[in-house]
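Here's the structure we're looking at; comments come further down.
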Amino acid sequence: MLKNYYPDVDFKIYMWYNGGYTMGNQYSNFTSAGTAEIFSVAENSEKWTNFKKSKAMADVLATYKFDIVCMQEYFNYKASYEDCTDWNNCKEYIVNNYRGGNDLKFMSLLHAPLRKDGYDVHEVYERTKAGNALILKTTVSEDLIPFGIAVYKALDTDLNSLGDLGQLSPDGTHTQEGLPCLLQTYVALEWLFDKLDMTETVKGNPLRMTKAIYDKISVPGANLGTGVVGGTEEQYSLAQDIAIEAYKEGKKFLEENLK
């Protein structure tokens, strides 16, 4: 999508991933030299290169250079959010083992709400928001991208019928296929446009996820559905509207909570 706006843009994106891990789980993995379930790299390319069971965090920090580190805590799974010790432990490990030579900025990704038997999605959403507020108030996180706000807003629309398992984000994460993926991509782009004082918006963007595009980019992660979750033109337009409003709400949330 970024290439769609700026074909010559220079960017590098890396994702170190273990499914279902809290920050505490991640920290334990870091310190035991455990590898990522999937480490994915996109360097000036639409295509991801996916490394499975092969990259320890210390090796990543010694090999690649970063400007911004985005961390995502699963407050969905926590009965309380009294402190951010795990978040800070991960941050300290990253800082102490990083070999890129530059200062790092840290930010948080607001997770989508878990939907699971025995859980109320609205309560889980509020728990996740409260956890992210705590991150902003008590850690070195300087910013936030509100993916979860967009997913939450979409649950009460006909976008809810889309997704890997026949509904939008039943476990809070798997929105990586087709239109559900673009819903969160739209949020990220609104964030980028705002941070760089660009005049662009995702409203009216014509890109649609197709099987050909999906196959070409090699989407990171274990994909649970067909690979391309479609949608009507009305649904794409709705997703763009939701993403724009979610980013505005997330920006307000950031301003209210950033220490």
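Each chain of the structure tokens is named A, B, ... in the order shown, its residues numbered from 1; ligands are numbered from 1 in display order.
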Near Gly231 (chain A), within 10 Å and counting only C-alpha atoms, which residues show up once chain neighbours fewer than 4 positions away are dropped, as a PyMOL selection string?
chain A and resi 158-159+161-162+178-180+208-209+235-236
Write a file of the selected residues as an mmCIF file, in the first residue's frame, keeping C-alpha atoms.
```
data_model
loop_
_atom_site.group_PDB
_atom_site.id
_atom_site.type_symbol
_atom_site.label_atom_id
_atom_site.label_comp_id
_atom_site.auth_asym_id
_atom_site.auth_seq_id
_atom_site.Cartn_x
_atom_site.Cartn_y
_atom_site.Cartn_z
ATOM 1 C CA ASP A 158 -21.088 -5.803 8.116
ATOM 2 C CA LEU A 159 -17.285 -5.967 8.001
ATOM 3 C CA SER A 161 -18.679 -11.103 8.463
ATOM 4 C CA LEU A 162 -15.213 -10.967 6.896
ATOM 5 C CA GLY A 178 -7.544 -9.308 2.204
ATOM 6 C CA LEU A 179 -9.921 -6.570 3.289
ATOM 7 C CA PRO A 180 -9.484 -7.203 7.055
ATOM 8 C CA ARG A 208 -7.854 -4.187 -3.680
ATOM 9 C CA MET A 209 -6.250 -7.355 -2.399
ATOM 10 C CA GLN A 235 -17.242 -2.416 2.403
ATOM 11 C CA TYR A 236 -13.887 -1.061 1.253
#
```
Per DSSP on the backbone, what are the alpha helix (DSSP H) residues of region 133-250 of chain A, as a ChimeraX atom specification?
/A:133-138,147-154,179-195,211-217,233-250
Nearest to Lys129 (chain A): which of A:Thr35, A:Asn76, A:Asn160, A:Asn96 is it, counting only C-alpha atoms?
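Of the candidates, the smallest distance to Lys129 (chain A) is held by A:Asn76.
Within 10 Å of region 248-257 of chain A, once only C-alpha atoms are used and residues closer than 5 positions along the same chain are dropped, the contacting residues are A:Leu110, A:Lys129, A:Ala130, A:Asn132, A:Ala133, A:Leu134, A:Ile135, A:Leu136, A:Lys137, A:Thr138, A:Glu142, A:Asp143, A:Leu144, A:Ile145, A:Pro146, A:Phe147, A:Gly148, A:Ile149, A:Ala150, A:Val187, A:Glu190, A:Trp191, A:Asp194, A:Ile242, A:Ala243.
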Using only C-alpha atoms, which of the listed residues (A:Thr31, A:Ser54, A:Asn4, A:Asn44) sits closest to Asn205 (chain A)?
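Using only C-alpha atoms, Asn205 (chain A) sits closest to A:Asn4.
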Quick one: everything within 10 Å of region 64-70 of chain A, counting only C-alpha atoms, minus sequence neighbours fewer than 5 positions away in the same chain. Send it as a PyMOL selection string.
chain A and resi 12-15+59+91+94+98-109+141-145
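Taking CA of Glu234 (chain A) and CA of Pro7 (chain A) as endpoints, the distance between them is 26.7 Å.
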Residue neighbourhood region 17-19 of chain A, 10 Å, only C-alpha atoms, exclusion window fewer than 6 positions, as a list in words
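Here the answer would be Asn25, Gln26, Asn29, Thr35, Ala36, Glu37, Ile38, Phe39, Ser40, Lys52, Lys53, Thr173, Pro220, Gly221 and Ala222 of chain A.
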Take the residues from that selection and write them out as a PDB file, in the first residue's frame, keeping C-alpha atoms.
```
ATOM      1  CA  ASN A  25       6.625 -14.646  27.350  1.00  0.00           C
ATOM      2  CA  GLN A  26       8.684 -12.667  24.863  1.00  0.00           C
ATOM      3  CA  ASN A  29      12.228 -16.124  25.049  1.00  0.00           C
ATOM      4  CA  THR A  35      13.961 -17.983  18.279  1.00  0.00           C
ATOM      5  CA  ALA A  36      10.982 -16.263  16.737  1.00  0.00           C
ATOM      6  CA  GLU A  37       8.164 -18.371  15.381  1.00  0.00           C
ATOM      7  CA  ILE A  38       8.469 -16.189  12.302  1.00  0.00           C
ATOM      8  CA  PHE A  39      10.910 -13.363  11.565  1.00  0.00           C
ATOM      9  CA  SER A  40       9.842 -11.414   8.475  1.00  0.00           C
ATOM     10  CA  LYS A  52      10.929 -19.602  10.398  1.00  0.00           C
ATOM     11  CA  LYS A  53      12.494 -20.923  13.623  1.00  0.00           C
ATOM     12  CA  THR A 173      -5.149 -10.939  15.823  1.00  0.00           C
ATOM     13  CA  PRO A 220       3.890 -13.257   7.019  1.00  0.00           C
ATOM     14  CA  GLY A 221       2.227 -15.624   9.419  1.00  0.00           C
ATOM     15  CA  ALA A 222       0.144 -18.740   9.478  1.00  0.00           C
TER      16      ALA A 222
END
```
Give me the residues within 8 Å of Tyr152 (chain A) as a PyMOL selection string, counting only C-alpha atoms and dropping any in the same chain fewer than 6 places off.
chain A and resi 112-113+125
Writer output for current selection, C-alpha atoms, as an mmCIF file, in the first residue's frame:
```
data_model
loop_
_atom_site.group_PDB
_atom_site.id
_atom_site.type_symbol
_atom_site.label_atom_id
_atom_site.label_comp_id
_atom_site.auth_asym_id
_atom_site.auth_seq_id
_atom_site.Cartn_x
_atom_site.Cartn_y
_atom_site.Cartn_z
ATOM 1 C CA ALA A 112 -7.576 -5.808 18.619
ATOM 2 C CA PRO A 113 -10.021 -7.204 21.216
ATOM 3 C CA TYR A 125 -11.545 -3.922 24.614
#
```
As an exercise, work out the distance from CA of Leu258 (chain A) to CA of Val140 (chain A) in Å and give it to one decimal place.
9.6 Å
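For Leu192 (chain A), the residues within 10 Å (counting only C-alpha atoms, excluding itself and residues fewer than 5 positions away along the chain) are Leu2, Ile145, Tyr186, Val187, Asp197, Met198, Glu200 and Thr201 of chain A.
Among the candidates A:Ala246, A:Val124, A:Ala62, A:Val219, the one nearest to Ala42 (chain A) when counting only C-alpha atoms is A:Val219.
Nearest-residue note for Gly20 (chain A): choosing from A:Thr232, A:Thr85, A:Gln72, A:Thr157, the minimum distance belongs to A:Gln72, counting only C-alpha atoms.
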By how many Å are CA of Lys55 (chain A) and CA of Tyr74 (chain A) apart?
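Interatomic distance, CA of Lys55 (chain A) to CA of Tyr74 (chain A): 21.8 Å.
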Looking only at the backbone, which of the residues in region 21-248 of chain A does DSSP tag as strand (DSSP E), as a count of residues only?
24
